[in-house]
Each structure stands twice: as structure tokens, then as C-alpha cells.
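Trainee: Got a structure for you, written out below as C-alpha cells; questions coming shortly.
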Amino acid sequence: MTASPRNKTLTLTKEETQRFFSRCVSLSYAQNGENLIGKTINADLFEVAKYLPQKCVDLLIVDPPYNLTKNFDDEVFRETTGDVYRDFTEKWLKACLPTLKEDASVYVCCDWKSSIIIAPVLEKYLTVRNRITWQREKGRGASANWKNGMEDIWFCTVGEKYAFNLDAVKVRRKVLAPYKDNGIAKDWAENADGKYRDTCPSNFWDDVTVPYWSMAENTAHPTQKPEKLLAKLILASSDEGDVVFDPFAGSGSTLVTAKKLGRKYFGVERSEQYCAWCECRLERAEKDKRIQGYEEGVFYARGYKESK
């Protein structure tokens with residue numbers, strides 16, 4: 001079957017896959033003490049952890065396998081007991097902690113069920129600041145339960161000092177009932193699109209779209225996160241030139257978004273195919289800095305554009 005002309009899902013030939021994968025570095029590269037900043041490391045996190053640079057990471061973004069049976073490039077992560085998944089969480093967290101600066105921030109992605117297990121582990125080692133819930137939109141219906149249309153992201157910090165750039169992540173919303181005080185606009189502005197207000201973001205996000213086939217960022221990775229979602233985390237909790245680390249890099253969404261936003265980055269990923277996709281997307285990001293849903297420094301509320 002011929003793909004639709006609008007299908008932008010990343011596909012690579014065998015030769016292209018080999019070429020992009022050759023740009024990644026291996027466990028032996030890390031063992032030799034080479035600089036890993038700006039690199040995609042093709043390795044198992046638990047094998048490479050002791051060779052990662054220490055106290056250099058400003059922002060850790062973790063999207064570990066959820067406690068679900070899922071096929072990742074022919075390697076199956078299987079649902080297990082809560083105790084086993086708790087041990088797995090503590091293991092990867094302890095592997096990453098030495099890389100963090102004292103003022104670093106940490107975001108951990110999870111579904112509702114693994115969220116219950118992960119939270120106590122995070123509280124043991126970090127200061128938990130908030131729980132973000134975002135609306136996935138996608139998801140299969142259930143005949144004897146509520147459809148699962150949400151995911152969580154735990155926001156943590158290493159210490160009491162940390163970055164949070166509020167103005168960088170405010171959400172632009174239409175003002176339906178503009179108020180004036182002595183004839184002066186009260187907490188709103190106006191442009192060619194109409195009256196608007198840049199509002200403080202809450203911990204519920206309903207303006208993020210899971211990547212799909214007509215989006216240029218889309219890959220065949222089964223649990224790919226949207227660049228817009230990652231942009232919010234990166235802009236809020238890091239500054240230009242800061243180092244962002246992703247220990248389960250997948251198809252590279254965190255690294256790519258960090259690059260587009262002027263951050264340094266490095267990531268670890270076991271799959272050669274996912275590493276190749278990551279490097280291809282990093283190359284594209286050198287010329288194309290666009291992030292779908294984030295335009296000219298503005299995050300728009302859902303329906304803002306349609307309401308013009």
C-alpha cells in the first residue's frame with residue numbers, strides 16, 4: 001500500500017539507518033572517558049551509568065518503560081509486579097543521580113498506574129514539586145473501565161535552588177470578557193488576532209497532541225512524546241547552554257527539542273534503530289527549529305487559532 005502524500009512519518013533506508021547510526025557512540029567510547037555531551041549513546045543505561053559525566057546535568061527528563069507489556073524494536077518490556085517495577089525505578093534513578101547538579105530539575109513520565117509506584121521512590125531521593133497531568137487524546141476505549149486518556153509527569157528538584165522560567169511557558173488565551181480599569185486594559189493585551197492574555201500554566205495540560213502520521217516529528221516509536229510537551233519542560237527548567245540528559249532517549253524527542261531550543265544534550269538508548277532515527281532528527285534540527293504548537297516564543301491554548 002502506498003503511503004499518503006501527507007504522511008510525514010520518518011522512514012529510513014537500510015543505508016540511511018547505517019549512516020545515521022554510525023554517528024552514535026558506544027559503551028567503549030564512554031569507557032574511554034570521551035566527552036559525551038552532544039552524543040547519542042547506544043548502550044544499556046545500567047552498563048554505561050558509571051561512565052557518564054558527573055554533576056553536569058541541569059535538567060533530567062526520564063521517559064522510562066511504563067509497567068506495561070510493550071514491544072520496543074523487537075525487545076519486549078513486560079508488565080511485572082509493583083515491587084519489581086519499584087526496584088527498576090530505584091535502579092535507574094540511582095544510576096542517574098550522580099550526573100545531576102545541585103540545582104538540577106527532574107521530570108519523570110508515567111501513566112496513572114506506574115505513577116503510584118514511582119512517586120514514593122522519587123520522594124526518597126528528590127524533592128517532589130508537582131504532578132503534571134496531560135491529555136493524550138489517543139487511546140483505545142475500554143468496555144469495563146474508563147478510557148485512559150491522561151498521563152502524568154512528576155516534577156522534582158535535587159534541592160531548594162532550581163530554575164523555573166515562568167514567562168517562557170505562559171499560555172496565550174483569548175480574552176472573552178476584557179476588563180478595563182479607568183479606561184486602561186486590565187491584565188490583557190491586543191494584537192491583530194484580537195484580545196489575549198498570557199496566563200500562568202497549570203499542572204493540567206490539554207493543549208498537547210501525541211505525534212501522528214502527518215506531523216514531521218512522527219516516528220514509529222510506540223511511546224513517542226510530543227516536542228511541544230518537552231519544550232515546556234525544557235524552557236521552564238533550563239536556560240540556553242544548559243545540559244539536558246535523557247537516559248531512555250527512544251527516537252530522540254528530548255535531545256532534538258533541546259537542540260532546537262539552544263540547550264546542550266546527551267542521551268542513552270539501547271535500540272540501534274531508535275538511535276538512527278534520533279541522529280536523523282538531530283540533523284534535521286540543524287536547519288529546521290520549528291516545534292509544532294510553539295510559535296515565536298508562544299504556547300497557544302487549545303482552540304486559540306481556531307477562534308480567530
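As shown in the C-alpha cells, the chain order sets the letters A, B, ...; within each chain, residues go from 1, and ligands are also counted from 1 in the order they appear.
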Excluding Arg263 of chain A and any residue of its chain fewer than 6 positions from it, enumerate the residues within 6 Å of it, using only C-alpha atoms, and give them as a list in words.
Mentor: Glu240, Gly241 and Asp242 of chain A
Trainee: Go ahead and save the residues from that selection, with C-alpha atoms, as an mmCIF file, in the first residue's frame.
Mentor:
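File produced: result15.cif:
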data_model
loop_
_atom_site.group_PDB
_atom_site.id
_atom_site.type_symbol
_atom_site.label_atom_id
_atom_site.label_comp_id
_atom_site.auth_asym_id
_atom_site.auth_seq_id
_atom_site.Cartn_x
_atom_site.Cartn_y
_atom_site.Cartn_z
ATOM 1 C CA GLU A 240 20.223 28.291 26.948
ATOM 2 C CA GLY A 241 23.513 26.413 27.101
ATOM 3 C CA ASP A 242 22.357 24.164 29.958
#
Trainee: For segment 168-279 of chain A against segment 136-158 of chain A, with a cut-off of 8 Å and counting only C-alpha atoms, what is the closest atom pair and its distance in Å to one decimal for every residue that makes the cut, ordered by chain and number, as a tab-separated table?
Mentor:
residue	atom	partner	partner_atom	distance
A:Val208	CA	A:Arg136	CA	7.2
A:Thr209	CA	A:Arg136	CA	6.6
A:Val210	CA	A:Arg136	CA	6.1
Trainee: Go ahead and dump the residues you just picked, N, CA and C atoms, as a PDB file, in the first residue's frame.
Mentor:
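What landed in again_1.pdb:
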ATOM      1  N   VAL A 208      -1.679  19.577  24.209  1.00  0.00           N
ATOM      2  CA  VAL A 208      -0.586  18.789  23.637  1.00  0.00           C
ATOM      3  C   VAL A 208      -1.154  17.653  22.794  1.00  0.00           C
ATOM      4  N   THR A 209      -0.588  17.456  21.617  1.00  0.00           N
ATOM      5  CA  THR A 209      -1.054  16.403  20.718  1.00  0.00           C
ATOM      6  C   THR A 209       0.010  15.327  20.569  1.00  0.00           C
ATOM      7  N   VAL A 210      -0.364  14.080  20.797  1.00  0.00           N
ATOM      8  CA  VAL A 210       0.565  12.965  20.586  1.00  0.00           C
ATOM      9  C   VAL A 210       0.953  12.941  19.102  1.00  0.00           C
TER      10      VAL A 210
END
Trainee: By how many Å are atom CA of Thr257 of chain A and atom CA of Arg78 of chain A apart?
Mentor: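 Result for atom CA of Thr257 of chain A versus atom CA of Arg78 of chain A: 28.9 Å, one decimal.
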Trainee: Out of segment 138-276 of chain A, which residues get strand (DSSP E or B) from DSSP, as number ranges by chain?
Mentor: A: 150-157, 171-174, 180-181, 184-185, 189-191, 194-199, 204-205, 243-246, 264-269
Trainee: Which is closest to Phe46 of chain A among A:Ser114, A:Thr81, A:Gln292, A:Thr89, if we use only C-alpha atoms?
Mentor: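 Checking each candidate against Phe46 of chain A, we get A:Thr89 as the closest.
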Trainee: Hey, which of A:Phe164, A:Trp92, A:Phe77, A:Trp134 ends up closest to Asp58 of chain A? Count only C-alpha atoms.
Mentor: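 For Asp58 of chain A, the nearest of the candidates is A:Phe164.
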Trainee: Would you mind reading off the distance between atom CA of Arg172 of chain A and atom CA of Asp187 of chain A, one decimal, in Å?
Mentor: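 Calculated distance between atom CA of Arg172 of chain A and atom CA of Asp187 of chain A is 12.2 Å.
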Trainee: Under the rule of at most 10 Å, produce a per-residue listing of segment 39-113 of chain A near segment 218-229 of chain A: chain, number, name, the closest pair of atoms, and the distance in Å, as CSV, using only C-alpha atoms.
Mentor:
residue,atom,partner,partner_atom,distance
A:Asp63,CA,A:Lys225,CA,8.6
A:Pro64,CA,A:Thr223,CA,9.9
A:Pro65,CA,A:Thr223,CA,8.7
A:Tyr66,CA,A:Thr223,CA,9.5
A:Lys70,CA,A:Pro222,CA,8.1
A:Asn71,CA,A:Pro222,CA,7.8
A:Phe72,CA,A:Pro222,CA,7.1
A:Asp73,CA,A:His221,CA,8.0
A:Cys109,CA,A:Lys225,CA,9.4
Trainee: Using only C-alpha atoms, please write the residues we just selected to a file, as a compact mmCIF listing (two decimals), in the first residue's frame.
Mentor:
# COMPACT_ATOMS: atom_id res chain seq x y z
CA ASP A 63 10.51 8.55 29.99
CA PRO A 64 11.10 5.01 31.24
CA PRO A 65 9.12 1.98 30.04
CA TYR A 66 5.81 2.07 31.86
CA LYS A 70 5.25 -3.19 25.21
CA ASN A 71 7.40 -4.04 22.20
CA PHE A 72 10.36 -1.69 21.71
CA ASP A 73 12.09 -2.54 18.42
CA CYS A 109 6.89 10.50 32.67
Trainee: From the set A:Arg302, A:Ala168, A:Ile291, A:Ile116, which residue has the shortest atom-to-atom contact distance to Pro211 of chain A, counting only C-alpha atoms?
Mentor: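 Closest residue, counting only C-alpha atoms: A:Ile291.
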Trainee: Excluding Thr17 of chain A and its own-chain neighbours fewer than 4 positions away, which residues fall within 12 Å of it when counting only C-alpha atoms? Please give them as a PyMOL selection string.
Mentor: chain A and resi 10-13+21-24+271-281
Trainee: Those same residues, written as a PDB file, in the first residue's frame with C-alpha atoms?
Mentor:
ATOM      1  CA  LEU A  10      10.224   9.267   9.464  1.00  0.00           C
ATOM      2  CA  THR A  11      11.404   6.322   7.362  1.00  0.00           C
ATOM      3  CA  LEU A  12      14.994   5.404   6.571  1.00  0.00           C
ATOM      4  CA  THR A  13      16.519   3.014   4.089  1.00  0.00           C
ATOM      5  CA  PHE A  21      23.708   5.042  13.456  1.00  0.00           C
ATOM      6  CA  SER A  22      27.421   5.476  12.734  1.00  0.00           C
ATOM      7  CA  ARG A  23      27.188   8.917  14.337  1.00  0.00           C
ATOM      8  CA  CYS A  24      26.252   7.393  17.694  1.00  0.00           C
ATOM      9  CA  SER A 271      17.956   0.257  20.146  1.00  0.00           C
ATOM     10  CA  GLU A 272      20.125   0.838  17.088  1.00  0.00           C
ATOM     11  CA  GLN A 273      17.047   1.727  15.036  1.00  0.00           C
ATOM     12  CA  TYR A 274      15.881   4.335  17.519  1.00  0.00           C
ATOM     13  CA  CYS A 275      19.400   5.757  17.713  1.00  0.00           C
ATOM     14  CA  ALA A 276      19.440   6.162  13.922  1.00  0.00           C
ATOM     15  CA  TRP A 277      16.080   7.951  13.995  1.00  0.00           C
ATOM     16  CA  CYS A 278      17.419  10.201  16.737  1.00  0.00           C
ATOM     17  CA  GLU A 279      20.504  11.168  14.755  1.00  0.00           C
ATOM     18  CA  CYS A 280      18.445  11.810  11.631  1.00  0.00           C
ATOM     19  CA  ARG A 281      16.146  14.126  13.554  1.00  0.00           C
TER      20      ARG A 281
END
Trainee: Considering only helix (DSSP H, G or I) as DSSP defines it on the backbone, what residues of segment 38-225 of chain A qualify? List them as a ChimeraX atom specification.
Mentor: /A:45-51,82-99,112-125,166-169
Trainee: Please produce a file of the residues just selected, as an mmCIF file, in the first residue's frame, where the atoms kept are C-alpha atoms.
Mentor:
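again.cif written:
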data_model
loop_
_atom_site.group_PDB
_atom_site.id
_atom_site.type_symbol
_atom_site.label_atom_id
_atom_site.label_comp_id
_atom_site.auth_asym_id
_atom_site.auth_seq_id
_atom_site.Cartn_x
_atom_site.Cartn_y
_atom_site.Cartn_z
ATOM 1 C CA LEU A 45 21.828 2.614 30.850
ATOM 2 C CA PHE A 46 22.859 0.309 33.683
ATOM 3 C CA GLU A 47 26.065 -0.685 31.899
ATOM 4 C CA VAL A 48 27.088 2.834 30.907
ATOM 5 C CA ALA A 49 25.937 4.685 34.046
ATOM 6 C CA LYS A 50 29.283 4.705 35.866
ATOM 7 C CA TYR A 51 30.979 6.247 32.833
ATOM 8 C CA GLY A 82 4.633 -3.439 41.704
ATOM 9 C CA ASP A 83 7.643 -4.462 43.803
ATOM 10 C CA VAL A 84 9.735 -5.400 40.786
ATOM 11 C CA TYR A 85 8.821 -2.191 38.965
ATOM 12 C CA ARG A 86 9.651 -0.198 42.101
ATOM 13 C CA ASP A 87 13.102 -1.804 42.175
ATOM 14 C CA PHE A 88 13.553 -0.991 38.479
ATOM 15 C CA THR A 89 12.623 2.651 39.144
ATOM 16 C CA GLU A 90 15.040 2.947 42.034
ATOM 17 C CA LYS A 91 17.790 1.352 39.953
ATOM 18 C CA TRP A 92 17.548 3.800 37.040
ATOM 19 C CA LEU A 93 17.141 6.764 39.380
ATOM 20 C CA LYS A 94 20.270 5.874 41.341
ATOM 21 C CA ALA A 95 22.119 5.416 38.036
ATOM 22 C CA CYS A 96 21.205 8.988 37.019
ATOM 23 C CA LEU A 97 21.597 10.878 40.301
ATOM 24 C CA PRO A 98 25.411 11.283 40.084
ATOM 25 C CA THR A 99 25.025 13.183 36.798
ATOM 26 C CA TRP A 112 -1.571 6.571 36.204
ATOM 27 C CA LYS A 113 -0.743 3.064 37.384
ATOM 28 C CA SER A 114 3.060 3.332 37.368
ATOM 29 C CA SER A 115 2.722 6.847 38.818
ATOM 30 C CA ILE A 116 1.554 5.330 42.095
ATOM 31 C CA ILE A 117 4.704 3.209 42.261
ATOM 32 C CA ILE A 118 7.162 5.854 41.090
ATOM 33 C CA ALA A 119 6.147 8.711 43.392
ATOM 34 C CA PRO A 120 7.422 7.202 46.688
ATOM 35 C CA VAL A 121 10.759 6.350 45.052
ATOM 36 C CA LEU A 122 11.195 9.921 43.837
ATOM 37 C CA GLU A 123 10.323 11.271 47.295
ATOM 38 C CA LYS A 124 13.062 9.124 48.776
ATOM 39 C CA TYR A 125 15.829 10.814 46.761
ATOM 40 C CA LEU A 166 7.621 31.176 34.216
ATOM 41 C CA ASP A 167 7.439 33.748 31.433
ATOM 42 C CA ALA A 168 8.857 31.250 28.933
ATOM 43 C CA VAL A 169 5.939 28.850 29.376
#
Trainee: Can you work out the spacing between atom CA of Pro247 of chain A and atom CA of Glu296 of chain A in Å, to one decimal?
Mentor: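 Interatomic distance here is 29.4 Å.
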